[in-house]
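File shown: protein-v7.cif. Contents: mmCIF, C-alpha atoms (C1' of nucleotides).
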```cif
data_target
#
loop_
_atom_site.label_atom_id
_atom_site.label_comp_id
_atom_site.auth_asym_id
_atom_site.auth_seq_id
_atom_site.Cartn_x
_atom_site.Cartn_y
_atom_site.Cartn_z
CA MET A 1374 96.88 102.27 105.64
CA ASP A 1375 99.27 100.15 103.68
CA VAL A 1376 98.34 97.88 100.82
CA ARG A 1377 98.69 94.77 102.99
CA THR A 1378 95.90 95.98 105.26
CA LEU A 1379 93.80 96.98 102.27
CA CYS A 1380 94.18 93.47 100.85
CA LEU A 1381 93.09 91.90 104.13
CA GLY A 1382 90.03 94.15 104.08
CA ALA A 1383 89.25 93.21 100.50
CA LEU A 1384 89.39 89.53 101.43
CA MET A 1385 86.95 90.02 104.33
CA GLY A 1386 84.20 89.58 101.74
CA GLY A 1387 85.43 86.15 100.69
CA GLU A 1388 88.05 84.71 98.40
CA ALA A 1389 89.52 86.59 95.48
CA THR A 1390 92.50 86.65 93.13
CA GLY A 1391 94.96 89.53 93.07
CA TYR A 1392 93.39 90.69 89.86
CA GLU A 1393 89.93 90.75 91.43
CA ILE A 1394 91.24 92.70 94.41
CA ARG A 1395 92.56 95.34 92.09
CA LYS A 1396 89.12 95.55 90.48
CA MET A 1397 87.55 96.27 93.86
CA PHE A 1398 89.79 99.33 94.06
CA GLU A 1399 89.41 100.23 90.39
CA ASP A 1400 85.70 99.68 89.74
CA GLY A 1401 84.24 98.06 92.80
CA THR A 1402 83.34 98.61 96.43
CA PHE A 1403 86.36 100.69 97.37
CA SER A 1404 86.93 102.50 94.10
CA HIS A 1405 85.93 105.99 95.15
CA PHE A 1406 88.03 106.29 98.30
CA GLN A 1407 91.02 103.97 98.10
CA ILE A 1408 93.53 103.05 95.45
CA ALA A 1409 95.95 100.18 95.05
CA SER A 1410 97.87 99.12 91.99
CA LEU A 1411 98.77 95.61 90.89
CA GLY A 1412 102.40 96.45 91.45
CA SER A 1413 101.71 96.74 95.15
CA ILE A 1414 98.94 94.14 95.52
CA TYR A 1415 100.92 91.12 94.32
CA PRO A 1416 103.92 91.74 96.58
CA ALA A 1417 101.50 92.41 99.46
CA LEU A 1418 99.76 89.06 98.93
CA THR A 1419 103.11 87.28 98.83
CA LYS A 1420 104.11 88.90 102.09
CA LEU A 1421 100.76 88.12 103.72
CA THR A 1422 101.11 84.48 102.67
CA GLN A 1423 104.55 84.29 104.24
CA ASP A 1424 103.13 85.76 107.45
CA GLY A 1425 100.30 83.24 107.50
CA LEU A 1426 97.54 85.83 107.24
CA VAL A 1427 96.23 84.55 103.90
CA THR A 1428 96.46 81.30 101.95
CA PHE A 1429 95.73 80.50 98.36
CA VAL A 1430 94.49 77.60 96.30
CA GLU A 1431 96.03 77.33 92.88
CA HIS A 1432 93.51 76.69 90.13
CA GLU A 1433 94.93 75.44 86.89
CA GLN A 1434 93.21 76.85 83.87
CA GLU A 1435 93.30 75.69 80.28
CA ASN A 1436 95.47 77.88 78.12
CA ARG A 1437 95.71 80.48 80.84
CA PRO A 1438 98.11 81.30 83.60
CA ASP A 1439 97.24 79.62 86.88
CA LYS A 1440 94.83 81.46 89.08
CA LYS A 1441 95.72 81.91 92.73
CA ILE A 1442 92.56 82.28 94.77
CA TYR A 1443 93.41 83.89 98.07
CA HIS A 1444 91.42 83.78 101.29
CA LEU A 1445 91.95 84.95 104.86
CA THR A 1446 93.23 82.60 107.53
CA PRO A 1447 91.66 82.91 111.01
CA ASP A 1448 94.82 84.73 112.03
CA GLY A 1449 94.42 87.07 109.09
CA LYS A 1450 90.86 87.94 110.06
CA ARG A 1451 91.88 88.50 113.67
CA THR A 1452 94.77 90.71 112.60
CA PHE A 1453 92.56 92.83 110.35
CA LEU A 1454 89.93 93.31 113.05
CA ARG A 1455 92.62 94.28 115.53
CA THR A 1456 94.05 96.78 113.05
CA LEU A 1457 90.58 98.26 112.64
CA LEU A 1458 90.36 98.86 116.39
CA GLN A 1459 93.87 100.15 116.87
CA THR A 1460 94.58 102.27 113.81
CA ARG A 1461 94.37 106.01 113.98
CA PRO A 1462 93.09 106.76 110.49
CA ALA A 1463 95.37 108.96 108.40
CA GLU A 1464 94.12 112.27 107.05
CA ASP A 1465 92.00 112.08 103.96
CA ARG A 1466 93.76 113.19 100.87
CA TYR A 1467 92.27 114.32 97.64
CA ARG A 1468 94.41 114.81 94.61
CA SER A 1469 93.15 116.46 91.47
CA ASP A 1470 95.24 117.59 88.54
CA ILE A 1471 92.21 119.23 87.00
CA LEU A 1472 91.53 121.48 90.00
CA PHE A 1473 95.20 122.36 90.19
CA MET A 1474 95.19 123.35 86.54
CA LEU A 1475 91.96 125.34 86.92
CA THR A 1476 93.69 127.44 89.57
CA PHE A 1477 95.62 128.93 86.66
CA ALA A 1478 92.57 129.54 84.51
CA GLU A 1479 93.56 133.11 83.63
CA GLU A 1480 96.79 131.89 82.11
CA MET A 1481 95.17 129.62 79.57
CA PRO A 1482 92.72 129.86 76.69
CA ILE A 1483 89.07 129.86 77.79
CA GLU A 1484 88.34 126.83 75.63
CA LEU A 1485 90.79 124.80 77.67
CA THR A 1486 89.22 125.96 80.93
CA GLU A 1487 85.82 124.91 79.67
CA ALA A 1488 87.14 121.57 78.45
CA LEU A 1489 88.71 120.88 81.85
CA ILE A 1490 85.49 121.70 83.69
CA ASP A 1491 83.49 119.50 81.33
CA GLU A 1492 85.88 116.63 81.81
CA PHE A 1493 85.71 117.07 85.56
CA ALA A 1494 81.93 116.96 85.41
CA ALA A 1495 81.90 113.93 83.12
CA ARG A 1496 84.17 111.98 85.43
CA HIS A 1497 82.03 112.74 88.44
CA GLN A 1498 78.89 111.88 86.54
CA MET A 1499 80.34 108.48 85.71
CA MET A 1500 81.50 107.94 89.26
CA SER A 1501 78.14 108.79 90.72
CA GLN A 1502 76.53 106.09 88.60
CA GLN A 1503 79.24 103.57 89.33
CA ILE A 1504 78.96 103.96 93.09
CA ASP A 1505 75.36 102.82 93.33
CA PRO A 1506 75.44 99.98 95.87
CA GLU A 1507 72.46 98.25 94.25
CA ASN A 1508 74.64 97.71 91.22
CA THR A 1509 75.58 94.19 92.21
CA ASP A 1510 74.79 92.59 88.87
CA LYS A 1511 77.70 94.19 87.04
CA HIS A 1512 80.23 92.67 89.37
CA ALA A 1513 78.28 89.53 90.16
CA SER A 1514 81.27 87.33 89.53
CA THR A 1515 83.44 89.12 92.03
CA SER A 1516 82.45 88.41 95.57
CA THR A 1517 83.08 91.72 97.21
CA TYR A 1518 82.69 92.70 100.79
CA GLY A 1519 79.59 94.62 101.60
CA HIS A 1520 76.86 92.28 100.39
CA ASP A 1521 75.39 89.45 102.40
CA GLU A 1522 74.32 86.08 100.97
CA ASN A 1523 71.11 87.58 99.58
CA GLY A 1524 73.03 90.30 97.79
CA LYS A 1525 71.73 92.96 100.13
CA PRO A 1526 74.41 95.57 100.79
CA ASN A 1527 75.30 96.11 104.45
CA PRO A 1528 74.75 99.33 106.41
CA GLY A 1529 78.37 100.50 106.48
CA CYS A 1530 78.78 100.12 102.73
CA CYS A 1531 75.49 101.90 102.03
CA PHE A 1532 76.52 104.81 104.17
CA VAL A 1533 79.89 105.16 102.49
CA ALA A 1534 78.37 104.78 99.03
CA GLY A 1535 75.70 107.35 99.82
CA LEU A 1536 78.35 109.75 101.02
CA GLY A 1537 80.30 109.28 97.80
CA GLN A 1538 77.24 110.00 95.73
CA ALA A 1539 76.40 113.06 97.78
CA MET A 1540 79.88 114.42 97.10
CA CYS A 1541 79.61 113.72 93.36
CA ASP A 1542 76.19 115.28 93.16
CA ALA A 1543 77.33 118.38 95.03
CA THR A 1544 80.22 118.72 92.60
CA LEU A 1545 77.94 118.43 89.59
CA LYS A 1546 75.47 120.91 91.06
CA PHE A 1547 78.23 123.42 91.75
CA ILE A 1548 79.53 123.16 88.21
CA LYS A 1549 76.08 123.58 86.72
CA GLU A 1550 75.56 126.72 88.77
CA ASN A 1551 78.99 128.31 88.45
CA LYS A 1552 80.57 127.30 85.17
CA GLN A 1553 79.07 130.04 83.02
CA GLY A 1554 79.82 132.64 85.66
CA LEU A 1555 83.47 131.68 85.74
CA LEU A 1556 83.82 131.73 81.96
CA GLU A 1557 82.27 135.17 81.82
CA GLU A 1558 84.55 136.49 84.55
CA LEU A 1559 87.52 135.16 82.64
CA ARG A 1560 86.40 136.87 79.45
CA ASN A 1561 86.10 140.17 81.31
CA PHE A 1562 89.46 139.64 82.91
CA LYS A 1563 91.12 139.05 79.56
CA ALA A 1564 89.35 142.01 77.99
CA ASN A 1565 90.61 144.30 80.78
CA LYS A 1566 94.13 143.07 80.40
CA SER A 1567 94.43 143.79 76.70
CA MET B 472 101.56 115.76 87.82
CA ASP B 473 104.93 115.44 89.41
CA VAL B 474 106.21 117.56 92.27
CA ARG B 475 108.46 119.55 89.96
CA THR B 476 105.45 120.85 88.03
CA LEU B 477 103.58 121.52 91.27
CA CYS B 478 106.52 123.61 92.49
CA LEU B 479 106.57 125.63 89.28
CA GLY B 480 102.86 126.27 89.75
CA ALA B 481 103.37 127.32 93.35
CA LEU B 482 106.02 129.82 92.26
CA MET B 483 103.70 131.37 89.65
CA GLY B 484 102.39 133.53 92.49
CA GLY B 485 105.79 134.96 93.30
CA GLU B 486 108.86 133.98 95.23
CA ALA B 487 108.83 131.48 98.07
CA THR B 488 111.05 129.17 100.09
CA GLY B 489 110.68 125.40 100.01
CA TYR B 490 109.09 125.57 103.40
CA GLU B 491 106.52 128.09 102.21
CA ILE B 492 105.72 125.97 99.19
CA ARG B 493 104.94 123.07 101.48
CA LYS B 494 102.61 125.33 103.43
CA MET B 495 100.67 126.12 100.26
CA PHE B 496 99.99 122.41 99.95
CA GLU B 497 99.44 121.86 103.66
CA ASP B 498 97.34 124.87 104.68
CA GLY B 499 97.20 127.21 101.73
CA THR B 500 95.82 127.64 98.25
CA PHE B 501 96.31 124.07 97.08
CA SER B 502 95.74 122.24 100.35
CA HIS B 503 92.45 120.59 99.53
CA PHE B 504 93.36 119.05 96.20
CA GLN B 505 97.09 118.49 95.98
CA ILE B 506 99.75 117.18 98.30
CA ALA B 507 103.51 117.42 98.33
CA SER B 508 105.88 116.63 101.15
CA LEU B 509 109.14 118.36 102.02
CA GLY B 510 110.95 115.18 101.10
CA SER B 511 109.91 115.68 97.50
CA ILE B 512 109.84 119.48 97.33
CA TYR B 513 113.50 120.06 98.19
CA PRO B 514 114.89 117.61 95.64
CA ALA B 515 112.45 119.02 93.07
CA LEU B 516 113.73 122.56 93.65
CA THR B 517 117.32 121.38 93.33
CA LYS B 518 116.51 119.70 90.04
CA LEU B 519 114.60 122.73 88.75
CA THR B 520 117.57 124.95 89.62
CA GLN B 521 119.90 122.66 87.68
CA ASP B 522 117.55 122.83 84.70
CA GLY B 523 117.41 126.62 84.85
CA LEU B 524 113.68 126.81 85.50
CA VAL B 525 114.04 128.47 88.89
CA THR B 526 116.76 130.46 90.69
CA PHE B 527 117.18 131.38 94.31
CA VAL B 528 118.63 134.18 96.40
CA GLU B 529 120.21 133.08 99.63
CA HIS B 530 119.21 135.19 102.60
CA GLU B 531 121.40 134.92 105.62
CA GLN B 532 119.47 135.05 108.85
CA GLU B 533 120.71 135.66 112.35
CA ASN B 534 120.81 132.52 114.41
CA ARG B 535 118.85 130.65 111.77
CA PRO B 536 119.67 128.46 108.84
CA ASP B 537 119.96 130.35 105.59
CA LYS B 538 116.80 130.91 103.67
CA LYS B 539 116.72 130.14 99.98
CA ILE B 540 114.09 132.24 98.29
CA TYR B 541 113.18 130.70 94.96
CA HIS B 542 111.57 132.34 91.97
CA LEU B 543 110.73 131.33 88.43
CA THR B 544 113.00 132.15 85.52
CA PRO B 545 111.36 133.22 82.24
CA ASP B 546 112.11 129.73 80.96
CA GLY B 547 110.43 128.25 84.03
CA LYS B 548 107.28 130.24 83.47
CA ARG B 549 107.20 129.30 79.80
CA THR B 550 107.71 125.64 80.65
CA PHE B 551 104.90 125.66 83.20
CA LEU B 552 102.48 127.33 80.81
CA ARG B 553 103.38 124.84 78.10
CA THR B 554 102.83 121.96 80.52
CA LEU B 555 99.41 123.38 81.37
CA LEU B 556 98.44 123.30 77.68
CA GLN B 557 99.89 119.89 76.90
CA THR B 558 99.17 117.78 79.95
CA ARG B 559 96.31 115.36 79.98
CA PRO B 560 95.26 115.59 83.63
CA ALA B 561 95.45 112.34 85.56
CA GLU B 562 92.35 110.89 87.17
CA ASP B 563 91.33 112.41 90.45
CA ARG B 564 92.10 110.25 93.41
CA TYR B 565 90.55 110.41 96.79
CA ARG B 566 91.97 108.37 99.62
CA SER B 567 90.22 108.02 102.94
CA ASP B 568 91.15 105.60 105.68
CA ILE B 569 88.04 106.56 107.60
CA LEU B 570 85.66 105.64 104.78
CA PHE B 571 87.53 102.39 104.24
CA MET B 572 87.17 101.55 107.92
CA LEU B 573 83.50 102.50 107.96
CA THR B 574 82.91 99.92 105.25
CA PHE B 575 83.46 97.36 108.01
CA ALA B 576 81.14 99.05 110.49
CA GLU B 577 79.34 95.81 111.43
CA GLU B 578 82.59 94.28 112.55
CA MET B 579 83.37 96.92 115.13
CA PRO B 580 81.80 98.39 118.24
CA ILE B 581 79.19 101.03 117.54
CA GLU B 582 81.07 103.59 119.61
CA LEU B 583 84.01 103.32 117.25
CA THR B 584 81.76 103.77 114.23
CA GLU B 585 80.31 106.89 115.77
CA ALA B 586 83.74 108.24 116.70
CA LEU B 587 84.97 107.70 113.13
CA ILE B 588 81.99 109.53 111.68
CA ASP B 589 82.42 112.39 114.12
CA GLU B 590 86.08 112.70 113.29
CA PHE B 591 85.27 112.67 109.59
CA ALA B 592 82.77 115.46 110.11
CA ALA B 593 85.15 117.48 112.27
CA ARG B 594 87.91 117.30 109.67
CA HIS B 595 85.58 118.44 106.91
CA GLN B 596 84.24 121.22 109.09
CA MET B 597 87.75 122.48 109.62
CA MET B 598 88.59 122.19 105.94
CA SER B 599 85.51 124.08 104.87
CA GLN B 600 86.57 127.01 107.04
CA GLN B 601 90.16 126.84 105.91
CA ILE B 602 89.31 126.93 102.22
CA ASP B 603 87.64 130.34 102.31
CA PRO B 604 89.48 132.35 99.64
CA GLU B 605 88.83 135.63 101.48
CA ASN B 606 91.02 134.32 104.27
CA THR B 607 94.11 136.12 103.05
CA ASP B 608 95.10 137.65 106.36
CA LYS B 609 96.11 134.35 107.92
CA HIS B 610 98.70 133.67 105.29
CA ALA B 611 99.56 137.28 104.61
CA SER B 612 103.27 136.62 104.84
CA THR B 613 103.19 133.91 102.21
CA SER B 614 102.63 135.29 98.78
CA THR B 615 100.49 132.62 97.21
CA TYR B 616 99.19 132.40 93.73
CA GLY B 617 95.59 133.34 93.31
CA HIS B 618 95.54 136.87 94.67
CA ASP B 619 96.38 139.98 92.73
CA GLU B 620 98.23 143.01 94.09
CA ASN B 621 95.09 144.24 95.86
CA GLY B 622 94.57 140.90 97.58
CA LYS B 623 91.55 140.09 95.48
CA PRO B 624 91.45 136.38 94.66
CA ASN B 625 91.29 135.51 90.99
CA PRO B 626 88.40 133.76 89.22
CA GLY B 627 90.03 130.33 88.86
CA CYS B 628 90.97 130.15 92.52
CA CYS B 629 87.51 131.24 93.61
CA PHE B 630 85.90 128.58 91.50
CA VAL B 631 88.13 125.85 92.84
CA ALA B 632 87.72 127.04 96.43
CA GLY B 633 83.95 127.21 96.03
CA LEU B 634 83.93 123.70 94.66
CA GLY B 635 85.92 122.48 97.63
CA GLN B 636 83.53 124.09 100.04
CA ALA B 637 80.53 122.67 98.22
CA MET B 638 82.02 119.18 98.60
CA CYS B 639 82.69 119.71 102.31
CA ASP B 640 79.25 121.08 102.92
CA ALA B 641 77.62 118.19 101.09
CA THR B 642 79.60 115.77 103.23
CA LEU B 643 78.55 117.49 106.44
CA LYS B 644 74.93 117.60 105.33
CA PHE B 645 74.93 113.91 104.47
CA ILE B 646 76.38 113.01 107.86
CA LYS B 647 73.86 115.12 109.70
CA GLU B 648 71.03 113.43 107.84
CA ASN B 649 72.28 109.84 107.90
CA LYS B 650 74.43 109.25 110.95
CA GLN B 651 71.65 108.34 113.35
CA GLY B 652 70.02 106.10 110.77
CA LEU B 653 73.22 104.15 110.28
CA LEU B 654 73.80 103.70 114.00
CA GLU B 655 70.27 102.42 114.43
CA GLU B 656 70.63 100.00 111.55
CA LEU B 657 73.82 98.71 113.09
CA ARG B 658 72.14 98.20 116.44
CA ASN B 659 69.35 96.20 114.76
CA PHE B 660 71.90 94.23 112.81
CA LYS B 661 73.80 93.30 115.93
CA ALA B 662 70.60 92.41 117.81
CA ASN B 663 69.54 90.08 114.98
CA LYS B 664 72.89 88.38 114.94
CA SER B 665 72.98 87.50 118.62
"C1'" DG C 1487 113.63 127.61 135.92
"C1'" DA C 1488 113.15 123.72 133.23
"C1'" DT C 1489 111.14 120.89 130.04
"C1'" DT C 1490 107.89 120.32 126.44
"C1'" DG C 1491 105.88 121.33 122.25
"C1'" DA C 1492 105.14 124.43 118.14
"C1'" DC C 1493 107.20 127.14 114.40
"C1'" DT C 1494 110.83 128.32 110.99
"C1'" DA C 1495 114.13 126.22 107.72
"C1'" DT C 1496 116.92 122.84 105.01
"C1'" DA C 1497 118.35 118.20 103.98
"C1'" DT C 1498 118.60 113.12 103.57
"C1'" DC C 1499 117.05 108.34 103.26
"C1'" DA C 1500 114.72 103.88 103.89
"C1'" DG C 1501 110.66 101.93 102.71
"C1'" DT C 1502 106.42 102.04 100.06
"C1'" DT C 1503 103.91 102.62 96.09
"C1'" DC C 1504 102.96 103.72 91.19
"C1'" DG C 1505 103.12 103.05 86.41
"C1'" DA C 1506 104.98 100.71 82.79
"C1'" DT C 1507 106.28 96.61 80.87
"C1'" DA C 1508 106.55 91.45 79.94
"C1'" DT C 1509 104.10 87.20 79.17
"C1'" DA C 1510 100.24 84.42 77.49
"C1'" DT C 1511 95.61 83.81 75.35
"C1'" DG C 1512 90.75 84.38 74.13
"C1'" DA C 1513 87.16 87.32 72.55
"C1'" DT C 1514 85.32 91.10 70.21
"C1'" DA C 1515 85.35 94.85 67.13
"C1'" DG C 1516 86.63 97.41 63.12
"C1'" DC D 692 93.36 90.20 59.78
"C1'" DT D 693 94.75 93.16 63.01
"C1'" DA D 694 93.97 96.05 66.93
"C1'" DT D 695 92.25 96.42 71.37
"C1'" DC D 696 90.35 94.77 75.48
"C1'" DA D 697 89.81 91.45 79.31
"C1'" DT D 698 91.79 87.84 82.22
"C1'" DA D 699 95.84 86.73 85.14
"C1'" DT D 700 100.51 86.96 87.34
"C1'" DA D 701 104.94 89.05 87.97
"C1'" DT D 702 108.82 92.40 88.09
"C1'" DC D 703 111.30 96.78 88.31
"C1'" DG D 704 112.85 101.59 87.94
"C1'" DA D 705 111.31 105.99 89.26
"C1'" DA D 706 108.75 108.76 92.34
"C1'" DC D 707 107.06 109.92 96.61
"C1'" DT D 708 106.02 109.68 101.68
"C1'" DG D 709 107.10 109.85 106.34
"C1'" DA D 710 110.51 109.87 109.61
"C1'" DT D 711 114.57 111.67 111.21
"C1'" DA D 712 118.59 114.97 111.86
"C1'" DT D 713 120.05 119.59 112.67
"C1'" DA D 714 119.43 124.06 114.77
"C1'" DG D 715 117.58 128.00 116.73
"C1'" DT D 716 113.29 130.96 118.70
"C1'" DC D 717 109.29 131.45 121.35
"C1'" DA D 718 105.40 130.46 124.35
"C1'" DA D 719 103.33 127.66 127.64
"C1'" DT D 720 103.01 124.50 131.22
"C1'" DC D 721 104.53 122.31 135.40
#
```

How does this structure look as C-alpha cells?
Amino acid sequence: MDVRTLCLGALMGGEATGYEIRKMFEDGTFSHFQIASLGSIYPALTKLTQDGLVTFVEHEQENRPDKKIYHLTPDGKRTFLRTLLQTRPAEDRYRSDILFMLTFAEEMPIELTEALIDEFAARHQMMSQQIDPENTDKHASTSTYGHDENGKPNPGCCFVAGLGQAMCDATLKFIKENKQGLLEELRNFKANKS
Amino acid sequence: MDVRTLCLGALMGGEATGYEIRKMFEDGTFSHFQIASLGSIYPALTKLTQDGLVTFVEHEQENRPDKKIYHLTPDGKRTFLRTLLQTRPAEDRYRSDILFMLTFAEEMPIELTEALIDEFAARHQMMSQQIDPENTDKHASTSTYGHDENGKPNPGCCFVAGLGQAMCDATLKFIKENKQGLLEELRNFKANKS
DNA sequence: GATTGACTATATCAGTTCGATATATGATAG
DNA sequence: CTATCATATATCGAACTGATATAGTCAATC
C-alpha cells in the first residue's frame, strides 16, 4: 500500500493537515502497524490534489505558516473504497534491529544483551499503553478515523487495537519468563569457551 | 540498520552466496524480523568487497551462471562486531496492510472482513511453524548463523525465535477469541445503519 | 510432447520512501 | 537566556523495493 492510499484512509475520518496525518501514523490510530514519513506524505497530498481525490482549505494563521486542511472529495472516497475491495494485501513485515542484534548475543558483552532486552521490553510497554482505543482524550484535537461522533471507537479499530495489545503483552510475558534463562545460558556459554 | 550491515551479520554464520543470504531473510533465520531484497543485497556485497570487508570465491558451474561464494574477512568481522557495540538500534516497525484494511471494516462487506482475518491467521500460522529453530533439516544446505557445528541452535537465536513464536501464537489466540464477536458487532452495526 | 511454473543464480533500474535539513515561531523548561 | 519541543510545510539525496532481464534445470500438468 503506497502512501497515497494511506493518506486517503487517514482522511476517511475527516479533515486533517499533513502534519496531523503523520501523527496518526506516529502516535495515533495507525501507529502500531503502518508508517509514513512527512517526506512522503506531503508529495502524496500534492499528487492526490492534482488527481482530484482530495481538496484543501488554506487557513491563514497569525505568525505561523499557513495551514492546509485537507479533506476527501467524493471521488477520493469512492477511490479509497474501491482500493479496499480490490487490493490484495501485501505480506506483513516486521523489522527489528534489536532482535537482529540479539541473534548475535554470544558475540557481545552480557550487559549489552540485557540492555537490549530491557529496551525492547520498555518500548513494548509504552506501545501497549499507547494503543488503548479508549485513549481519545490525548488526541482530542485530531479527528482520527475510528471514532464516531460520540467518541466511541468502531468495531474494526477495537479489533485491531486489541490485537496490537495482545501482541505487546505476549512479548512482555515472554521476556519476563525467559530473560534470566537466556542470560544464564550465555554466562555458561562464555565460561565453557574460556 | 542498512543492508550492508545485515549482510555482514548473515555472513557471520559462514560463507554464502547473495541468493542464499536473501533466503535467510525470506525463509531462514532472520525472516520474521528483518527484510532485504536481492536488489539491495547484490549492490551491498559489491560495496563490501570494495571496502575489503568480504571476499568471494567464484565457482564455475556447468550450465549455470557462476556462483560467487562470499565470506567475511577478519576486518569484516571486526567491523560487524564494532557496529553491534556502537549502534543504537532503530525503533521496531511493523507494517501490515491487512490490519490497516481491517480498520475500515464497517465500510466493506462482512465476507471481505472475514476473509482478511482468515488470511491474517493463516499467514501467522505458517510463520509460527517456519520459525521453529529445531527446523535445521529444511535449510541444511544453507549454513546459517545460529547453529554450531553440531547443529545445536545458540541461545540468542533460540530466544529470538521463541519470541517470534510467542507473538504469532498470541495473534492466533486473539483471533480465535475475537473474530466471531467482531463479525457480530459488524452485523449489528450494519443493521442499525439501514 | 509441450507449455507452465518453481528453483537456482546474478544483475540492473525506475520509482518510492526515508531521514535529514531548512524555515518560521511560540511555549516551556532548565 | 538558551535549549528543546511542538506546530506546520517543503525539499532532496541516499537507500531500498519490486519488477524485469538473463539463463539453465526440473517437475508437473494438460

>> Could you tell me which residues of chain A sit within 6 Å of chain B when counting all atoms listed in the file, and give me the result as an MDAnalysis selection string?
In response: chainID A and resid 1406:1407 1462 1465:1471 1475:1476 1478 1529:1530 1540 1543

> Written as JSON, numbers by chain, which residues does the PyMOL selection byres ((chain D and resi 697) around 9) give for the file shown?
Replying inline: {"C": [1512, 1513], "D": [696, 698]}

Using 10 Å as the limit and counting only C-alpha atoms (C1' of nucleotides), can you tabulate each residue of chain D that touches chain B, with its shortest atom-to-atom distance in Å and the two atoms involved, as CSV?
```
residue,atom,partner,partner_atom,distance
D:DA706,C1',B:Asp473,CA,8.2
D:DC707,C1',B:Ser511,CA,6.5
D:DT708,C1',B:Ser508,CA,7.0
D:DG709,C1',B:Gly510,CA,8.4
D:DT713,C1',B:Pro536,CA,9.7
D:DA714,C1',B:Arg535,CA,7.3
D:DG715,C1',B:Arg535,CA,5.8
D:DT716,C1',B:Asn534,CA,8.8
```

>> What are the residues of chain C lining chain B at 8 Å or less? Count all atoms listed in the file, and put the answer as a VMD selection string.
In response: chain C and resid 1495 to 1497

>> Given the PyMOL selection byres ((chain D and resi 692) around 12) and the file above, list the residues it selects as a ChimeraX atom specification.
In response: /C:1515-1516 /D:693-694

>> Between CA of Arg475 in chain B and CA of Leu516 in chain B, what distance in Å does the model show, to one decimal?
In response: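 Result for CA of Arg475 in chain B versus CA of Leu516 in chain B: 7.1 Å, one decimal.
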
Find the axis-aligned box for range 1410-1428 of chain A, covering all its listed atoms and adding 8 Å on each side, and write its centre and edge lengths in Å to one decimal as lines of an AutoDock Vina configuration file.
```
center_x = 100.4
center_y = 90.2
center_z = 99.2
size_x = 24.3
size_y = 33.8
size_z = 32.6
```

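Straight-line separation from CA of Glu486 in chain B to C1' of DT1494 in chain C: 16.9 Å.
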
> In Å, how far is it from CA of Ile588 in chain B to CA of Gln600 in chain B?
Replying inline: 18.7 Å

>> Excluding DC703 in chain D and its own-chain neighbours fewer than 2 positions away, which residues fall within 12 Å of it when counting only C-alpha atoms (C1' of nucleotides)? Please give them as a PyMOL selection string.
In response: (chain A and resi 1412-1413) or (chain C and resi 1504-1508) or (chain D and resi 701+705)

>> Report as a PyMOL selection string all protein, DNA and RNA residues lying within 12 Å of DG1491 in chain C, evaluated on all atoms listed in the file, omitting residues in the same chain fewer than 3 positions from it.
In response: chain D and resi 717-720
